[in-house]
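Data file: my_file_1.txt. Format and content: compact mmCIF, C-alpha atoms.
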```txt
# COMPACT_ATOMS: atom_id res chain seq x y z
CA MET A 252 21.43 35.41 -6.49
CA VAL A 253 18.76 34.57 -3.92
CA SER A 254 19.76 36.43 -0.77
CA PRO A 255 19.83 35.05 2.78
CA ALA A 256 17.13 37.61 3.64
CA ALA A 257 14.81 36.21 0.95
CA ILE A 258 15.37 32.69 2.22
CA ALA A 259 14.72 33.85 5.78
CA ARG A 260 11.38 35.35 4.70
CA SER A 261 10.39 32.05 3.10
CA VAL A 262 11.41 30.14 6.23
CA ALA A 263 9.33 32.46 8.40
CA LEU A 264 6.34 32.13 6.05
CA TYR A 265 6.35 28.39 5.48
CA ARG A 266 7.68 26.95 8.73
CA GLY A 267 5.16 29.04 10.61
CA SER A 268 3.86 28.29 14.07
CA SER A 269 3.68 25.07 16.03
CA TRP A 270 -0.05 25.06 15.18
CA ARG A 271 0.73 25.09 11.46
CA ARG A 272 3.31 22.32 11.80
CA ALA A 273 0.72 20.22 13.62
CA ALA A 274 -1.83 20.99 10.89
CA LEU A 275 0.60 19.78 8.23
CA LEU A 276 1.01 16.51 10.11
CA ARG A 277 -2.75 15.97 10.30
CA TRP A 278 -3.14 16.83 6.63
CA TYR A 279 -0.48 14.50 5.25
CA ALA A 280 -1.14 11.63 7.68
CA ARG A 281 -3.83 10.42 5.27
CA PHE A 282 -1.16 9.84 2.63
CA LEU A 283 1.95 8.67 4.48
CA ARG A 284 2.83 6.06 7.09
CA PRO A 285 6.12 5.22 8.85
CA GLY A 286 8.52 3.62 6.39
CA ASP A 287 6.83 5.10 3.30
CA LEU A 288 8.76 7.02 0.64
CA ALA A 289 7.76 10.57 -0.34
CA PHE A 290 9.04 12.79 -3.14
CA ASP A 291 8.93 16.51 -2.28
CA ILE A 292 9.20 18.12 -5.70
CA GLY A 293 9.88 21.81 -5.35
CA ALA A 294 10.94 21.41 -1.73
CA HIS A 295 11.72 25.12 -1.29
CA VAL A 296 12.64 25.53 2.41
CA GLY A 297 11.53 22.06 3.45
CA ASP A 298 8.30 22.56 5.40
CA ARG A 299 6.67 19.58 3.66
CA THR A 300 9.86 17.54 3.91
CA GLU A 301 9.87 18.13 7.65
CA ALA A 302 6.23 17.08 7.94
CA PHE A 303 6.83 13.91 5.92
CA ARG A 304 9.78 13.01 8.16
CA ARG A 305 7.77 13.59 11.32
CA LEU A 306 5.26 11.10 9.91
CA GLY A 307 8.08 8.57 9.62
CA ALA A 308 8.49 8.66 5.83
CA ARG A 309 11.79 8.76 4.00
CA VAL A 310 11.99 11.81 1.75
CA VAL A 311 13.67 12.70 -1.52
CA ALA A 312 13.58 16.52 -1.53
CA VAL A 313 14.11 17.99 -4.99
CA GLU A 314 14.92 21.69 -5.38
CA PRO A 315 16.50 23.34 -8.47
CA GLN A 316 17.45 26.70 -6.95
CA PRO A 317 21.11 26.44 -5.88
CA ALA A 318 20.75 28.67 -2.81
CA LEU A 319 17.70 26.79 -1.56
CA ALA A 320 19.28 23.40 -2.25
CA ARG A 321 22.25 24.48 -0.11
CA TYR A 322 19.84 25.58 2.62
CA LEU A 323 18.07 22.21 2.52
CA ARG A 324 21.33 20.27 2.69
CA GLY A 325 22.29 22.25 5.77
CA ARG A 326 18.89 21.94 7.39
CA PHE A 327 18.74 18.14 7.01
CA VAL A 328 22.45 17.35 7.15
CA ARG A 329 22.06 15.14 10.23
CA ASP A 330 18.95 13.34 8.96
CA PRO A 331 19.77 10.19 6.94
CA GLY A 332 16.08 9.91 6.05
CA VAL A 333 16.28 12.96 3.76
CA THR A 334 18.09 13.02 0.44
CA VAL A 335 18.37 16.45 -1.22
CA ILE A 336 18.59 16.48 -5.01
CA GLU A 337 19.57 19.75 -6.69
CA ALA A 338 17.65 19.49 -9.95
CA ALA A 339 14.48 20.47 -11.78
CA ILE A 340 11.88 17.86 -12.70
CA ASP A 341 10.97 17.72 -16.38
CA SER A 342 9.50 15.34 -18.94
CA SER A 343 13.01 14.18 -19.90
CA PRO A 344 16.54 14.59 -18.51
CA GLY A 345 18.79 17.44 -19.65
CA ARG A 346 19.57 21.05 -18.87
CA ILE A 347 16.75 23.45 -18.00
CA VAL A 348 16.71 27.24 -17.88
CA LEU A 349 15.41 28.36 -14.48
CA HIS A 350 13.93 31.85 -14.15
CA LEU A 351 14.85 33.12 -10.70
CA ASN A 352 12.73 35.54 -8.72
CA GLU A 353 15.50 36.61 -6.39
CA ALA A 354 13.26 38.66 -4.10
CA ASN A 355 10.58 35.95 -3.86
CA PRO A 356 12.18 32.56 -4.59
CA THR A 357 8.86 30.81 -3.91
CA VAL A 358 7.80 31.61 -7.48
CA SER A 359 11.02 30.90 -9.37
CA THR A 360 10.09 28.74 -12.33
CA ALA A 361 11.27 26.81 -15.37
CA SER A 362 8.14 27.84 -17.29
CA VAL A 363 8.36 30.77 -19.70
CA ASP A 364 4.57 30.61 -20.07
CA PHE A 365 4.19 31.09 -16.32
CA VAL A 366 6.42 34.18 -16.32
CA ARG A 367 4.45 35.65 -19.22
CA ALA A 368 1.12 34.89 -17.57
CA ALA A 369 2.19 36.65 -14.36
CA ASP A 370 3.10 39.85 -16.20
CA GLY A 371 0.40 42.36 -15.25
CA ALA A 372 -1.87 39.76 -13.65
CA PRO A 373 -3.85 40.87 -10.56
CA GLY A 374 -2.12 39.72 -7.41
CA TRP A 375 1.24 39.37 -9.16
CA GLU A 376 2.17 43.03 -9.22
CA GLY A 377 5.84 43.65 -8.48
CA GLN A 378 6.98 40.11 -9.17
CA ALA A 379 10.12 40.06 -11.30
CA TRP A 380 12.21 37.20 -12.62
CA THR A 381 15.55 38.94 -12.59
CA ARG A 382 18.02 36.20 -13.44
CA ARG A 383 18.26 33.01 -15.45
CA THR A 384 20.45 30.04 -14.74
CA SER A 385 20.93 26.61 -16.29
CA VAL A 386 20.18 23.69 -13.95
CA ARG A 387 20.20 19.93 -14.23
CA GLY A 388 16.92 18.32 -15.15
CA THR A 389 15.73 14.84 -14.28
CA THR A 390 12.42 12.96 -14.25
CA LEU A 391 10.13 11.39 -11.71
CA ALA A 392 10.71 8.06 -13.43
CA ALA A 393 14.49 8.43 -12.97
CA LEU A 394 14.03 9.26 -9.28
CA ALA A 395 11.88 6.14 -8.84
CA ILE A 396 14.57 3.97 -10.46
CA ARG A 397 17.21 5.44 -8.15
CA PHE A 398 15.31 5.62 -4.86
CA GLY A 399 12.29 3.33 -5.29
CA ARG A 400 8.68 3.95 -6.16
CA PRO A 401 7.18 6.63 -3.91
CA ASP A 402 4.03 6.27 -1.87
CA PHE A 403 3.21 9.97 -2.26
CA ILE A 404 4.50 12.82 -4.42
CA LYS A 405 4.04 16.53 -3.76
CA ILE A 406 4.62 18.64 -6.89
CA ASP A 407 4.89 22.43 -6.53
CA VAL A 408 6.96 23.79 -9.41
CA GLU A 409 5.28 27.06 -10.43
CA GLY A 410 3.72 26.31 -13.79
CA PHE A 411 5.90 23.34 -14.73
CA GLU A 412 3.59 20.72 -13.23
CA ASP A 413 2.46 19.30 -16.57
CA ALA A 414 6.07 18.76 -17.66
CA ALA A 415 6.89 17.08 -14.36
CA LEU A 416 3.94 14.70 -14.66
CA ALA A 417 4.90 13.84 -18.24
CA GLY A 418 8.01 12.15 -16.82
CA LEU A 419 6.05 9.93 -14.41
CA ASP A 420 5.48 6.35 -15.54
CA HIS A 421 4.60 4.45 -12.35
CA PRO A 422 2.05 6.61 -10.50
CA PRO A 423 1.97 6.36 -6.71
CA PRO A 424 -1.24 5.71 -4.74
CA ALA A 425 -1.71 9.46 -4.25
CA LEU A 426 -0.11 12.77 -5.16
CA SER A 427 -0.67 16.51 -5.12
CA VAL A 428 -0.08 19.05 -7.88
CA GLU A 429 -0.10 22.82 -7.52
CA PHE A 430 -2.23 25.00 -9.81
CA THR A 431 -2.51 28.77 -10.36
CA THR A 432 -5.36 30.80 -11.78
CA ILE A 433 -2.97 32.70 -14.07
CA ALA A 434 -2.00 29.44 -15.81
CA ARG A 435 -5.15 27.30 -15.90
CA ALA A 436 -4.15 25.67 -19.19
CA ILE A 437 -1.17 24.11 -17.37
CA ALA A 438 -3.52 22.82 -14.65
CA PHE A 439 -5.85 21.33 -17.26
CA ARG A 440 -2.95 19.54 -18.95
CA ALA A 441 -1.81 18.23 -15.57
CA LEU A 442 -5.34 17.00 -14.87
CA ASP A 443 -5.48 15.24 -18.25
CA ARG A 444 -2.18 13.55 -17.48
CA LEU A 445 -3.45 12.39 -14.09
CA VAL A 446 -6.49 10.81 -15.74
CA ALA A 447 -4.22 9.10 -18.29
CA LEU A 448 -2.15 7.73 -15.40
CA GLY A 449 -5.24 6.11 -13.93
CA TYR A 450 -6.30 8.58 -11.25
CA ALA A 451 -10.06 8.79 -10.83
CA ARG A 452 -10.61 10.35 -7.37
CA PHE A 453 -9.80 14.01 -6.82
CA ASN A 454 -10.06 16.84 -4.35
CA ALA A 455 -8.52 20.31 -4.05
CA SER A 456 -7.28 22.81 -1.50
CA LEU A 457 -6.91 26.56 -1.94
CA GLY A 458 -3.71 28.38 -1.06
CA GLU A 459 -2.16 27.19 2.19
CA SER A 460 -5.56 26.60 3.81
CA LEU A 461 -5.07 22.84 4.37
CA ALA A 462 -8.82 22.47 3.85
CA CYS A 463 -10.62 20.47 1.20
CA VAL A 464 -12.84 22.21 -1.35
CA PHE A 465 -15.13 19.18 -1.80
CA PRO A 466 -16.61 17.17 1.09
CA GLY A 467 -15.60 13.94 -0.62
CA PRO A 468 -13.75 12.69 -3.71
CA VAL A 469 -14.98 13.94 -7.10
CA ASP A 470 -14.20 13.06 -10.70
CA ALA A 471 -11.90 14.92 -13.07
CA GLY A 472 -14.80 16.64 -14.85
CA THR A 473 -15.99 18.19 -11.61
CA VAL A 474 -12.49 19.46 -10.84
CA ARG A 475 -12.12 20.86 -14.36
CA SER A 476 -15.41 22.80 -14.09
CA TRP A 477 -14.44 24.10 -10.66
CA LEU A 478 -11.03 25.26 -11.90
CA ASP A 479 -12.62 26.92 -14.91
CA ASP A 480 -15.04 28.89 -12.70
CA LEU A 481 -12.51 29.78 -10.00
CA PRO A 482 -12.07 33.57 -9.65
CA ALA A 483 -8.65 34.93 -10.53
CA ASP A 484 -8.08 36.21 -7.00
CA ALA A 485 -8.14 32.64 -5.67
CA ASN A 486 -4.56 32.68 -6.98
CA SER A 487 -3.35 29.13 -6.33
CA GLY A 488 -3.91 25.83 -4.62
CA ASP A 489 -3.29 22.11 -4.96
CA LEU A 490 -5.08 19.26 -6.66
CA TYR A 491 -5.05 15.92 -4.85
CA ALA A 492 -5.45 12.67 -6.76
CA ALA A 493 -5.75 9.08 -5.56
CA ARG A 494 -5.86 5.75 -7.35
CA SER A 495 -7.37 3.83 -4.42
CA ALA A 496 -10.08 4.30 -1.83
CA ARG A 497 -7.77 6.09 0.60
CA PRO A 498 -9.31 9.29 2.00
CA LEU A 499 -8.60 12.56 0.24
CA CYS A 500 -10.24 14.63 2.94
CA GLY A 501 -10.85 14.26 6.61
```

I need this file expressed as structure tokens, please.
Amino acid sequence: MVSPAAIARSVALYRGSSWRRAALLRWYARFLRPGDLAFDIGAHVGDRTEAFRRLGARVVAVEPQPALARYLRGRFVRDPGVTVIEAAIDSSPGRIVLHLNEANPTVSTASVDFVRAADGAPGWEGQAWTRRTSVRGTTLAALAIRFGRPDFIKIDVEGFEDAALAGLDHPPPALSVEFTTIARAIAFRALDRLVALGYARFNASLGESLACVFPGPVDAGTVRSWLDDLPADANSGDLYAARSARPLCG
């Protein structure tokens, strides 16, 4: 079971300082306006959910880990603009086996391939997925039917991003998808899916830097080459994709 101490460490890491909270607002203001709808997929301890709410967006926060979902319900209990869904996002509805990293719940995952890739990888020493649990699975399409089509989706599901995107049928104007250097094949499949969904303008950000890699939007081929050449110690980051001329960097 994920301990309160592990959750507290995540809260301290991701909520951060007032400077970081302000930086999150500046970063996501290019994607969200008051009254918009955002899906926070892999909400974890809710730092992005909080930023989306401060921008005036309604938020569906999706988190499969039972302890973290309970934390999110408590954190946003008085906010009618946040709906917490305890589920994993997959290509189709059903039950999903979740591999829990109880000491570091940030990297709990539904991807067996991700767990295997992390085994012995530089930068992942000491990570252990110590427990498995069955959780409810749903799709991005099902969420859109229930809550409406989102204006922005953030997907951070530790190596299950391609499966999550496979269940999206009405792409929003913009979205973000996490990638890791230990599982580049998953990132390439996610990128292929984004192109199939009609996305043509891309950018990227490394880690939690909240800084764009490219000075302006690039095509999928440029992103693919960049990902392929990225050193392993870059570890992780996010791809940003847009279907319109909205800015991806600022």

Give one line per residue of segment 456-501 of chain A that approaches segment 432-451 of chain A to at most 8 Å, naming the two atoms of the closest pair and their distance in Å to one decimal, counting all atoms listed in the file; sort by chain then ascending residue number and deliver it as a tab-separated table.
```
residue	atom	partner	partner_atom	distance
A:Asp470	CA	A:Ala451	CA	5.9
A:Ala471	CA	A:Ala451	CA	6.8
A:Arg475	CA	A:Phe439	CA	6.9
A:Leu478	CA	A:Arg435	CA	7.4
A:Asp479	CA	A:Arg435	CA	7.5
A:Leu481	CA	A:Thr432	CA	7.4
A:Pro482	CA	A:Thr432	CA	7.6
A:Ala483	CA	A:Thr432	CA	5.4
A:Asp484	CA	A:Thr432	CA	7.7
A:Ala485	CA	A:Thr432	CA	7.0
A:Asn486	CA	A:Thr432	CA	5.2
A:Ser487	CA	A:Thr432	CA	6.0
A:Ala492	CA	A:Tyr450	CA	6.1
A:Ala493	CA	A:Tyr450	CA	5.7
A:Arg494	CA	A:Tyr450	CA	4.8
```

List every residue of segment 263-343 of chain A that has an atom at most 7 Å from any atom of segment 408-422 of chain A, giving for each one its closest atom pair and the distance in Å to one decimal, counting all atoms listed in the file, sorted by chain and then by ascending residue number, as JSON lines.
```
{"residue": "A:Gly293", "atom": "CA", "partner": "A:Val408", "partner_atom": "CA", "distance": 5.4}
{"residue": "A:Ile340", "atom": "CA", "partner": "A:Ala415", "partner_atom": "CA", "distance": 5.3}
{"residue": "A:Asp341", "atom": "CA", "partner": "A:Ala415", "partner_atom": "CA", "distance": 4.6}
{"residue": "A:Ser342", "atom": "CA", "partner": "A:Gly418", "partner_atom": "CA", "distance": 4.1}
{"residue": "A:Ser343", "atom": "CA", "partner": "A:Gly418", "partner_atom": "CA", "distance": 6.2}
```

Same residues, C-alpha atoms, output as a compact mmCIF listing (two decimals), keeping the file's coordinate frame:
```txt
# COMPACT_ATOMS: atom_id res chain seq x y z
CA GLY A 293 9.88 21.81 -5.35
CA ILE A 340 11.88 17.86 -12.70
CA ASP A 341 10.97 17.72 -16.38
CA SER A 342 9.50 15.34 -18.94
CA SER A 343 13.01 14.18 -19.90
```

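Using only C-alpha atoms, the nearest neighbour of Arg271 of chain A within the list A:Leu461, A:Val348, A:Val310, A:Cys500 is A:Leu461.
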
Two-atom distance - atom CA of Arg387 of chain A, atom CA of Gln316 of chain A (Å): 10.3 Å

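Each of A:Leu351, A:Val333, A:His295, A:Thr300 was checked against Ala320 of chain A using all atoms listed in the file; the smallest atom-to-atom distance is that of A:His295.
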
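Proximity to Pro498 of chain A was assessed for A:Pro468, A:Gly286, A:Gly458, A:Pro331 counting all atoms listed in the file; the smallest distance is recorded for A:Pro468.
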
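Of the listed residues (A:Gly399, A:Gly388, A:Pro466, A:Pro356), A:Pro356 comes nearest to Pro255 of chain A; the distances count only C-alpha atoms.
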
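Here atom CA of Glu353 of chain A stands at a distance of 15.7 Å from atom CA of Val386 of chain A.
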
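In this comparison, which uses all atoms listed in the file, the residue of A:Phe303, A:Ala312, A:Arg324, A:Gly488 approaching Tyr279 of chain A most closely is A:Phe303.
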
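Separating atom CA of Ala318 of chain A from atom CA of Thr357 of chain A is a distance of 12.1 Å.
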
Some atoms are absent from segment 264-290 of chain A, so rebuild N, CA and C atoms and return them as a tab-separated table (two decimals), in the coordinates of the input.
```tsv
chain	number	residue	atom	x	y	z
A	264	LEU	N	7.68	32.30	6.61
A	264	LEU	CA	6.34	32.13	6.05
A	264	LEU	C	5.89	30.68	6.09
A	265	TYR	N	6.78	29.77	5.69
A	265	TYR	CA	6.35	28.39	5.48
A	265	TYR	C	6.57	27.49	6.69
A	266	ARG	N	7.54	27.76	7.52
A	266	ARG	CA	7.68	26.95	8.73
A	266	ARG	C	6.59	27.30	9.72
A	267	GLY	N	6.30	28.59	9.84
A	267	GLY	CA	5.16	29.04	10.61
A	267	GLY	C	5.21	28.63	12.07
A	268	SER	N	4.02	28.55	12.65
A	268	SER	CA	3.86	28.29	14.07
A	268	SER	C	3.81	26.80	14.36
A	269	SER	N	3.83	26.46	15.64
A	269	SER	CA	3.68	25.07	16.03
A	269	SER	C	2.29	24.56	15.62
A	270	TRP	N	1.29	25.45	15.63
A	270	TRP	CA	-0.05	25.06	15.18
A	270	TRP	C	-0.02	24.65	13.71
A	271	ARG	N	0.69	25.43	12.89
A	271	ARG	CA	0.73	25.09	11.46
A	271	ARG	C	1.48	23.77	11.24
A	272	ARG	N	2.57	23.57	11.96
A	272	ARG	CA	3.31	22.32	11.80
A	272	ARG	C	2.44	21.12	12.19
A	273	ALA	N	1.64	21.29	13.23
A	273	ALA	CA	0.72	20.22	13.62
A	273	ALA	C	-0.36	20.01	12.56
A	274	ALA	N	-0.82	21.10	11.94
A	274	ALA	CA	-1.83	20.99	10.89
A	274	ALA	C	-1.27	20.25	9.67
A	275	LEU	N	-0.02	20.50	9.34
A	275	LEU	CA	0.60	19.78	8.23
A	275	LEU	C	0.66	18.28	8.51
A	276	LEU	N	0.97	17.92	9.75
A	276	LEU	CA	1.01	16.51	10.11
A	276	LEU	C	-0.37	15.87	9.95
A	277	ARG	N	-1.40	16.53	10.44
A	277	ARG	CA	-2.75	15.97	10.30
A	277	ARG	C	-3.14	15.84	8.84
A	278	TRP	N	-2.76	16.81	8.05
A	278	TRP	CA	-3.14	16.83	6.63
A	278	TRP	C	-2.48	15.68	5.86
A	279	TYR	N	-1.19	15.50	6.05
A	279	TYR	CA	-0.48	14.50	5.25
A	279	TYR	C	-0.52	13.10	5.85
A	280	ALA	N	-1.05	12.96	7.06
A	280	ALA	CA	-1.14	11.63	7.68
A	280	ALA	C	-2.07	10.71	6.89
A	281	ARG	N	-2.95	11.26	6.08
A	281	ARG	CA	-3.83	10.42	5.27
A	281	ARG	C	-3.09	9.80	4.10
A	282	PHE	N	-1.91	10.33	3.79
A	282	PHE	CA	-1.16	9.84	2.63
A	282	PHE	C	0.09	9.03	2.99
A	283	LEU	N	0.65	9.26	4.16
A	283	LEU	CA	1.95	8.67	4.48
A	283	LEU	C	1.92	7.96	5.83
A	284	ARG	N	2.66	6.85	5.88
A	284	ARG	CA	2.83	6.06	7.09
A	284	ARG	C	4.32	5.88	7.36
A	285	PRO	N	4.69	5.50	8.57
A	285	PRO	CA	6.12	5.22	8.85
A	285	PRO	C	6.68	4.19	7.87
A	286	GLY	N	7.87	4.50	7.34
A	286	GLY	CA	8.52	3.62	6.39
A	286	GLY	C	8.19	3.90	4.94
A	287	ASP	N	7.17	4.74	4.68
A	287	ASP	CA	6.83	5.10	3.30
A	287	ASP	C	7.92	5.98	2.69
A	288	LEU	N	7.83	6.15	1.38
A	288	LEU	CA	8.76	7.02	0.64
A	288	LEU	C	7.97	8.15	0.01
A	289	ALA	N	8.41	9.39	0.23
A	289	ALA	CA	7.76	10.57	-0.34
A	289	ALA	C	8.75	11.33	-1.20
A	290	PHE	N	8.28	11.85	-2.32
A	290	PHE	CA	9.04	12.79	-3.14
A	290	PHE	C	8.47	14.19	-2.90
```
